[in-house]
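This is work04.txt (compact mmCIF, C-alpha atoms).
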```txt
# COMPACT_ATOMS: atom_id res chain seq x y z
CA MET A 1 0.00 0.00 0.00
CA ASN A 2 2.88 2.39 0.75
CA SER A 3 4.45 2.17 -2.68
CA ASN A 4 1.45 3.96 -4.22
CA SER A 5 0.85 6.41 -1.39
CA MET A 6 2.21 9.34 -3.42
CA SER A 7 -0.68 10.91 -5.26
CA GLU A 8 -0.66 11.37 -9.02
CA ARG A 9 -0.40 15.12 -8.44
CA GLU A 10 2.69 14.72 -6.25
CA ARG A 11 4.26 12.32 -8.74
CA LEU A 12 3.79 14.71 -11.66
CA MET A 13 5.00 17.72 -9.64
CA ASN A 14 8.09 15.72 -8.61
CA GLU A 15 8.79 14.90 -12.23
CA ILE A 16 8.38 18.54 -13.27
CA ASN A 17 10.67 19.69 -10.42
CA THR A 18 13.35 17.11 -11.17
CA LEU A 19 13.32 17.64 -14.93
CA GLY A 20 13.23 21.40 -14.34
CA PHE A 21 16.38 21.14 -12.27
CA VAL A 22 18.07 19.04 -14.95
CA MET A 23 17.08 21.64 -17.54
CA VAL A 24 18.64 24.52 -15.59
CA GLU A 25 21.82 22.58 -14.77
CA MET A 26 22.27 21.41 -18.36
CA ALA A 27 21.65 24.89 -19.77
CA GLN A 28 24.34 26.41 -17.56
CA TYR A 29 26.77 23.62 -18.44
CA LEU A 30 26.06 23.98 -22.16
CA ASP A 31 26.58 27.76 -21.98
CA THR A 32 30.29 27.11 -21.40
CA HIS A 33 30.44 23.80 -23.34
CA PRO A 34 28.31 24.65 -26.38
CA PHE A 35 29.61 21.82 -28.60
CA ASP A 36 28.93 18.88 -26.29
CA ARG A 37 26.54 16.90 -28.52
CA ASP A 38 25.71 14.29 -25.89
CA ALA A 39 24.76 17.01 -23.44
CA ILE A 40 22.61 18.74 -26.05
CA ASP A 41 20.77 15.46 -26.78
CA TYR A 42 20.27 14.81 -23.10
CA PHE A 43 18.91 18.34 -22.61
CA ALA A 44 16.48 17.89 -25.51
CA HIS A 45 15.25 14.53 -24.25
CA GLN A 46 14.66 15.70 -20.68
CA THR A 47 12.96 18.96 -21.66
CA ARG A 48 10.64 17.11 -24.03
CA LYS A 49 9.56 14.87 -21.13
CA ARG A 50 9.14 17.94 -18.97
CA ASN A 51 6.95 19.75 -21.49
CA GLN A 52 4.71 16.68 -21.68
CA ALA A 53 4.44 16.59 -17.89
CA LEU A 54 3.63 20.33 -17.81
CA ARG A 55 0.80 19.86 -20.31
CA GLU A 56 -0.55 16.87 -18.38
CA TYR A 57 -0.38 18.77 -15.08
CA ALA A 58 -2.26 21.73 -16.58
CA VAL A 59 -5.09 19.56 -17.81
CA LYS A 60 -5.39 17.36 -14.71
CA PHE A 61 -4.69 19.89 -11.97
CA THR A 62 -3.64 23.49 -12.73
CA PRO A 63 -1.40 25.28 -15.24
CA LEU A 64 2.13 26.03 -14.08
CA THR A 65 2.98 28.23 -17.09
CA LEU A 66 1.02 30.70 -19.20
CA ASP A 67 1.92 28.55 -22.21
CA THR A 68 -0.09 25.67 -20.74
CA ALA A 69 -2.91 27.86 -19.43
CA ASP A 70 -4.96 27.37 -22.59
CA ILE A 71 -7.18 24.79 -20.93
CA SER A 72 -10.92 24.97 -21.44
CA ASN A 73 -11.94 25.84 -17.91
CA LYS A 74 -14.79 28.02 -16.77
CA GLU A 75 -12.43 30.08 -14.63
CA TRP A 76 -8.91 31.58 -14.80
CA SER A 77 -7.20 29.01 -12.59
CA TRP A 78 -3.76 30.54 -13.27
CA ALA A 79 -4.70 33.34 -10.86
CA LEU A 80 -7.30 31.63 -8.69
CA ASP A 81 -5.39 28.48 -7.73
CA PRO A 82 -2.95 28.59 -4.78
CA MET A 83 0.34 30.46 -5.08
CA PRO A 84 3.60 28.49 -4.72
CA TRP A 85 4.77 30.47 -1.67
CA GLU A 86 1.74 29.42 0.39
CA GLY A 87 3.28 25.95 0.90
CA GLU A 88 -0.13 24.53 1.74
CA CYS A 89 0.52 23.00 5.18
CA MET B 1 12.03 38.52 -21.80
CA TRP B 2 11.01 36.49 -18.80
CA ASN B 3 8.38 33.85 -18.17
CA TYR B 4 7.17 32.72 -14.77
CA GLU B 5 6.68 29.15 -13.69
CA LYS B 6 4.18 28.75 -10.90
CA ARG B 7 6.26 26.51 -8.64
CA LEU B 8 9.22 26.91 -6.29
CA GLN B 9 12.54 25.50 -7.50
CA PHE B 10 12.66 23.53 -4.23
CA PRO B 11 9.64 22.81 -1.97
CA ILE B 12 9.19 24.93 1.15
CA LYS B 13 6.65 24.01 3.84
CA ILE B 14 7.48 25.62 7.18
CA LYS B 15 5.19 24.73 10.05
CA GLU B 16 6.45 27.05 12.80
CA THR B 17 6.81 30.80 12.70
CA ASN B 18 10.03 32.43 13.93
CA ALA B 19 10.25 36.19 13.62
CA ASN B 20 13.91 36.42 14.67
CA LEU B 21 15.02 33.87 12.11
CA ALA B 22 13.01 35.67 9.44
CA LEU B 23 14.90 38.90 10.12
CA VAL B 24 18.21 37.03 9.66
CA ILE B 25 17.23 35.16 6.51
CA ILE B 26 15.86 38.34 4.91
CA SER B 27 19.50 39.25 4.22
CA GLN B 28 19.51 36.71 1.39
CA PHE B 29 16.59 38.63 -0.10
CA GLY B 30 17.70 42.29 0.12
CA GLY B 31 21.15 42.09 1.64
CA PRO B 32 24.59 42.73 0.09
CA ASP B 33 25.25 39.08 -0.85
CA GLY B 34 21.66 38.05 -1.44
CA GLU B 35 19.79 36.62 -4.38
CA LEU B 36 18.29 39.88 -5.65
CA ALA B 37 21.76 41.43 -5.76
CA ALA B 38 23.12 38.38 -7.56
CA SER B 39 20.37 38.44 -10.15
CA MET B 40 20.72 42.17 -10.85
CA ARG B 41 24.51 41.87 -11.03
CA TYR B 42 24.50 39.14 -13.67
CA ILE B 43 21.59 40.46 -15.70
CA SER B 44 23.23 43.90 -15.79
CA GLN B 45 26.65 42.60 -16.83
CA ARG B 46 25.43 40.51 -19.77
CA TYR B 47 24.83 43.40 -22.18
CA THR B 48 28.49 44.21 -22.64
CA MET B 49 29.86 40.67 -22.42
CA PRO B 50 31.43 40.22 -25.86
CA TYR B 51 31.29 36.39 -25.79
CA ASN B 52 27.85 34.86 -26.25
CA GLU B 53 28.69 31.79 -24.19
CA VAL B 54 29.28 34.00 -21.17
CA ALA B 55 26.35 36.33 -21.93
CA GLY B 56 24.19 33.20 -22.08
CA LEU B 57 25.56 32.00 -18.76
CA LEU B 58 24.93 35.39 -17.13
CA THR B 59 21.34 35.31 -18.40
CA ASP B 60 20.72 31.75 -17.20
CA ILE B 61 22.29 32.14 -13.77
CA GLY B 62 20.71 35.60 -13.35
CA THR B 63 17.34 34.01 -14.05
CA GLU B 64 17.89 31.17 -11.58
CA GLU B 65 18.78 33.74 -8.92
CA LEU B 66 15.30 35.24 -9.29
CA ALA B 67 13.89 31.80 -8.45
CA HIS B 68 16.17 31.76 -5.41
CA MET B 69 14.97 35.21 -4.40
CA GLU B 70 11.46 33.78 -4.55
CA MET B 71 12.52 30.90 -2.28
CA VAL B 72 14.10 33.21 0.31
CA SER B 73 11.03 35.47 0.26
CA THR B 74 8.83 32.42 0.71
CA ILE B 75 10.87 31.32 3.73
CA VAL B 76 10.59 34.78 5.32
CA HIS B 77 6.86 34.86 4.53
CA GLN B 78 6.18 31.42 6.03
CA LEU B 79 8.24 32.31 9.14
CA THR B 80 6.18 35.44 9.75
CA ARG B 81 2.65 34.74 8.60
CA ASN B 82 0.07 34.74 11.36
CA LEU B 83 2.48 36.16 13.94
CA SER B 84 0.61 37.35 17.01
CA MET B 85 1.08 40.91 18.29
CA GLU B 86 2.72 39.39 21.35
CA GLU B 87 5.30 37.57 19.23
CA ILE B 88 5.88 40.73 17.21
CA GLU B 89 6.51 42.80 20.34
CA ARG B 90 8.61 40.17 22.07
CA SER B 91 10.92 39.30 19.20
CA GLY B 92 12.13 42.71 18.06
CA PHE B 93 10.30 42.20 14.79
CA ASP B 94 8.32 45.31 15.81
CA LYS B 95 10.96 47.54 14.15
CA TYR B 96 10.28 45.91 10.78
CA TYR B 97 6.54 45.54 11.40
CA VAL B 98 6.00 49.26 11.94
CA ASP B 99 7.19 50.08 8.42
CA HIS B 100 6.05 46.96 6.54
CA THR B 101 3.54 45.04 8.67
CA LEU B 102 4.15 41.47 7.44
CA GLY B 103 5.00 42.60 3.92
CA LEU B 104 8.23 41.50 2.23
CA TRP B 105 10.66 44.39 1.61
CA PRO B 106 14.21 43.91 0.33
CA GLN B 107 16.62 44.87 3.10
CA ALA B 108 19.62 43.36 4.86
CA ALA B 109 19.23 41.78 8.30
CA GLY B 110 20.75 44.93 9.82
CA GLY B 111 18.17 47.14 8.10
CA THR B 112 20.15 48.60 5.17
CA PRO B 113 17.75 48.84 2.24
CA PHE B 114 18.62 46.97 -0.96
CA ASN B 115 20.62 49.20 -3.27
CA ALA B 116 22.84 48.87 -6.33
CA CYS B 117 26.01 49.75 -4.39
CA VAL B 118 26.22 46.13 -3.25
CA PHE B 119 27.17 44.97 -6.73
CA GLN B 120 29.30 46.06 -9.63
CA SER B 121 28.86 45.78 -13.36
CA LYS B 122 32.24 46.95 -14.55
CA GLY B 123 31.95 46.42 -18.29
CA ASP B 124 35.19 44.44 -18.33
CA PRO B 125 34.76 40.67 -18.76
CA ILE B 126 37.62 39.59 -16.49
CA THR B 127 36.66 42.03 -13.75
CA ASP B 128 32.98 41.09 -13.94
CA LEU B 129 33.70 37.36 -13.70
CA PHE B 130 35.92 37.80 -10.66
CA GLU B 131 33.17 39.97 -9.14
CA ASN B 132 30.74 37.11 -9.76
CA MET B 133 32.96 34.41 -8.33
CA ALA B 134 33.41 36.51 -5.20
CA ALA B 135 29.65 37.07 -5.03
CA GLU B 136 28.94 33.34 -5.08
CA GLN B 137 31.43 32.75 -2.26
CA LYS B 138 29.92 35.58 -0.22
CA ALA B 139 26.49 34.04 -0.68
CA ARG B 140 27.81 30.61 0.31
CA SER B 141 29.35 32.07 3.48
CA THR B 142 26.10 33.80 4.32
CA TYR B 143 24.20 30.52 3.98
CA ASP B 144 26.81 28.86 6.24
CA ASN B 145 26.14 31.55 8.82
CA ILE B 146 22.39 31.11 8.46
CA LEU B 147 22.66 27.33 8.88
CA ARG B 148 24.47 27.84 12.19
CA LEU B 149 21.44 29.77 13.40
CA VAL B 150 18.74 27.37 12.17
CA HIS B 151 17.33 24.51 14.24
CA ASP B 152 14.23 23.76 12.18
CA SER B 153 14.62 21.10 9.47
CA ASP B 154 11.77 22.65 7.43
CA VAL B 155 14.09 25.67 7.06
CA CYS B 156 17.40 23.74 6.82
CA GLU B 157 16.51 21.80 3.70
CA PRO B 158 15.78 24.68 1.31
CA ILE B 159 18.73 26.67 2.71
CA ARG B 160 21.09 23.74 2.09
CA PHE B 161 19.81 23.53 -1.49
CA LEU B 162 20.43 27.25 -2.04
CA ARG B 163 23.94 26.94 -0.59
CA ALA B 164 24.78 24.05 -2.91
CA ARG B 165 23.65 26.06 -5.94
CA GLU B 166 26.04 28.90 -5.01
CA ILE B 167 28.96 26.49 -5.20
CA VAL B 168 27.87 25.24 -8.62
CA HIS B 169 27.53 28.82 -9.90
CA PHE B 170 31.03 29.57 -8.63
CA GLN B 171 32.34 26.68 -10.73
CA ARG B 172 30.47 27.89 -13.81
CA PHE B 173 31.86 31.41 -13.55
CA GLY B 174 35.33 29.88 -13.16
CA GLU B 175 34.81 28.06 -16.46
CA ALA B 176 33.58 31.26 -18.06
CA LEU B 177 36.73 33.04 -16.88
CA ARG B 178 38.92 30.35 -18.48
CA LEU B 179 36.91 30.71 -21.66
CA VAL B 180 37.43 34.49 -21.73
CA GLN B 181 41.15 34.13 -21.04
CA SER B 182 41.45 31.61 -23.86
CA LYS B 183 40.22 34.29 -26.26
CA LEU B 184 42.77 36.83 -25.09
CA ASN B 185 46.49 37.26 -25.52
CA GLU B 186 48.03 34.69 -23.22
CA GLN B 187 51.07 36.95 -22.77
CA ASN B 188 48.88 39.67 -21.32
CA PHE B 189 45.20 39.22 -20.51
CA TYR B 190 44.95 42.90 -19.66
CA ALA B 191 46.30 44.28 -22.95
CA PHE B 192 42.86 45.58 -23.84
CA ASN B 193 39.26 45.38 -22.68
CA PRO B 194 37.43 43.19 -25.20
CA ALA B 195 34.15 44.83 -24.19
CA PHE B 196 35.36 48.31 -25.04
CA ASP B 197 38.56 48.58 -27.05
CA THR B 198 37.26 47.70 -30.50
CA THR B 199 40.69 47.40 -32.07
CA THR B 200 44.13 46.84 -30.67
CA ALA B 201 45.38 49.81 -32.69
CA LYS B 202 47.14 52.43 -30.63
CA ASN B 203 45.28 55.61 -29.71
CA ASP B 204 47.06 58.64 -28.42
CA ASN B 205 45.90 58.15 -24.83
CA CYS B 206 48.04 56.80 -22.05
CA HIS B 207 46.30 53.42 -21.87
CA SER B 208 47.44 52.26 -25.31
CA ASN B 209 51.10 53.17 -24.85
```

Let me see whether you can do it: turn the structure in this file into structure tokens.
Amino acid sequence: MNSNSMSERERLMNEINTLGFVMVEMAQYLDTHPFDRDAIDYFAHQTRKRNQALREYAVKFTPLTLDTADISNKEWSWALDPMPWEGEC
Amino acid sequence: MWNYEKRLQFPIKIKETNANLALVIISQFGGPDGELAASMRYISQRYTMPYNEVAGLLTDIGTEELAHMEMVSTIVHQLTRNLSMEEIERSGFDKYYVDHTLGLWPQAAGGTPFNACVFQSKGDPITDLFENMAAEQKARSTYDNILRLVHDSDVCEPIRFLRAREIVHFQRFGEALRLVQSKLNEQNFYAFNPAFDTTTAKNDNCHSN
């Protein structure tokens, strides 16, 4: 029972956080190593996964970017849903 | 231009308020070695950086620092939300409260308001990169000092993350410095300023002779 105790929302958010971190790290590395083909491929692969996760999160829960806020909702959840600094405890 | 992503770079969920700690940690928001200063420093320097690799790095690190500023502000906010008047009076937070209530305002722990004097954008690639490497070390030291004052693991974890990122940024700027030096005359890195002296031809001022 414990292996599935993380909700789908938490799982997706984790994936977005992790892949987001990879994206930032890889970008800064590539800035000073702009011809590292393996690193460029890795960056592309991880960011593609991240973009998919962002779209999925927007549809299932709430948009995390304006780019993914084009969901057919009755209300503007981008503003109405909780802010990240509230840390819902 | 900038986009915003509606998440923190690292999760922050603080259960207990602590007004004193908030007034210490606020230094990484508006203080001399804080994240706002770091971001403004790098984003300001990038315009005259003649090498795109380094301009790109300044943009990317400068952007990440804004996310760190958001994290520090979040920590201060979660440490001070719902403070009672008694806690405000007792803790010495009253001096901040009178001017800002519980609002976030960029200042150092000692009260000095955020200002541009805490950073330099010298328009000289070597100078700017040394400035940046020093800045990352100053930030790392500040986080070390903060960690010595923290006893709450909800606060420790995000602070440790921020400290680790400073060390990585230091490494990156070191690489950028090597890159800049590799493009200059190895006999004399200081022969000319690649961000300003457009040719190495001699002018009749004292610098060129």

Have a look at B:Glu166, B:Glu86, B:Glu186, B:Glu70 and name the one nearest to Ile12 in chain B; count all atoms listed in the file.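 Once distances to Ile12 in chain B are computed over all atoms listed in the file, the minimum belongs to B:Glu70.
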
CA of Leu8 in chain B to CA of Pro158 in chain B, straight-line distance in Å: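 Value for the CA of Pro158 in chain B-CA of Leu8 in chain B distance: 10.3 Å.
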
Spatial neighbours of Glu25 in chain A, 10 Å, all atoms listed in the file, chain gap at least 5 places, as a list of chain:residue names: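 Listing them by chain and then by number gives A:Leu19, A:Gly20, A:Leu30, A:Phe43, B:Asp60, B:Ile61, B:Glu64, B:Arg165, B:Val168, B:His169.
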
Using all atoms listed in the file, which chain A residues lie at most 9 Å away from chain B, written as a list in words?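 Matching residues, ligands excluded from the count: Met13, Asn17, Gly20, Phe21, Val24, Ala27, Gln28, Tyr29, Leu30, Asp31, Thr32, His33, Pro34, Pro63, Leu64, Thr65, Leu66, Trp78, Met83, Pro84, Trp85, Glu86, Gly87, Glu88 and Cys89 of chain A.
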
Who sits within 10 Å of Asn193 in chain B, all atoms listed in the file, same chain under 3 positions skipped, as a list in words: Pro50, Gly123, Asp124, Pro125, Ile126, Thr127, Leu184, Phe189, Tyr190, Phe196, Asp197, Thr198, Thr199 and Thr200 of chain B

Extract, using all atoms listed in the file, all DNA, RNA and protein residues at most 12 Å from Ala139 in chain B, discarding same-chain residues fewer than 4 positions from it, and format them as a ChimeraX atom specification. /B:25,27-29,31-38,65,68,132-135,143-146,159-160,162-170

I'd like the contact shell of Ala44 in chain A - 12 Å cut-off, all atoms listed in the file, skipping same-chain residues fewer than 3 positions apart - returned as a JSON list (two decimals) with C-alpha atoms, keeping the file's coordinate frame.
```json
[["chain", "number", "residue", "atom", "x", "y", "z"],
["A", 19, "LEU", "CA", 13.32, 17.64, -14.93],
["A", 22, "VAL", "CA", 18.07, 19.04, -14.95],
["A", 23, "MET", "CA", 17.08, 21.64, -17.54],
["A", 26, "MET", "CA", 22.27, 21.41, -18.36],
["A", 27, "ALA", "CA", 21.65, 24.89, -19.77],
["A", 30, "LEU", "CA", 26.06, 23.98, -22.16],
["A", 37, "ARG", "CA", 26.54, 16.90, -28.52],
["A", 38, "ASP", "CA", 25.71, 14.29, -25.89],
["A", 39, "ALA", "CA", 24.76, 17.01, -23.44],
["A", 40, "ILE", "CA", 22.61, 18.74, -26.05],
["A", 41, "ASP", "CA", 20.77, 15.46, -26.78],
["A", 47, "THR", "CA", 12.96, 18.96, -21.66],
["A", 48, "ARG", "CA", 10.64, 17.11, -24.03],
["A", 49, "LYS", "CA", 9.56, 14.87, -21.13],
["A", 50, "ARG", "CA", 9.14, 17.94, -18.97],
["A", 51, "ASN", "CA", 6.95, 19.75, -21.49]]
```

Hey, can you check how far CA of Phe192 in chain B sits from CA of Ile43 in chain B?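 The value is 23.3 Å.
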
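Reported to one decimal place, the separation of CA of Met1 in chain B from CA of Tyr47 in chain B is 13.7 Å.
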
Padding of 6 Å on every side, edges along x, y and z, all listed atoms of range 87-105 of chain B included: what centre and edge lengths in Å, to one decimal, does that box have, as JSON?
```
{"center_x": 7.8, "center_y": 43.8, "center_z": 11.8, "size_x": 20.6, "size_y": 24.5, "size_z": 32.5}
```

Nearest-residue call for Ser7 in chain A, choices A:Ser72, A:Asp67, A:Tyr42, A:Phe61, using all atoms listed in the file: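 When distances to Ser7 in chain A are compared using all atoms listed in the file, the smallest one comes from A:Phe61.
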
If we count only C-alpha atoms and set the cut-off at 10 Å, which residues sit around Ala69 in chain A, ignoring sequence neighbours fewer than 6 positions away in its own chain? Please answer as a PyMOL selection string. chain A and resi 55+58-59+62-63+76-78
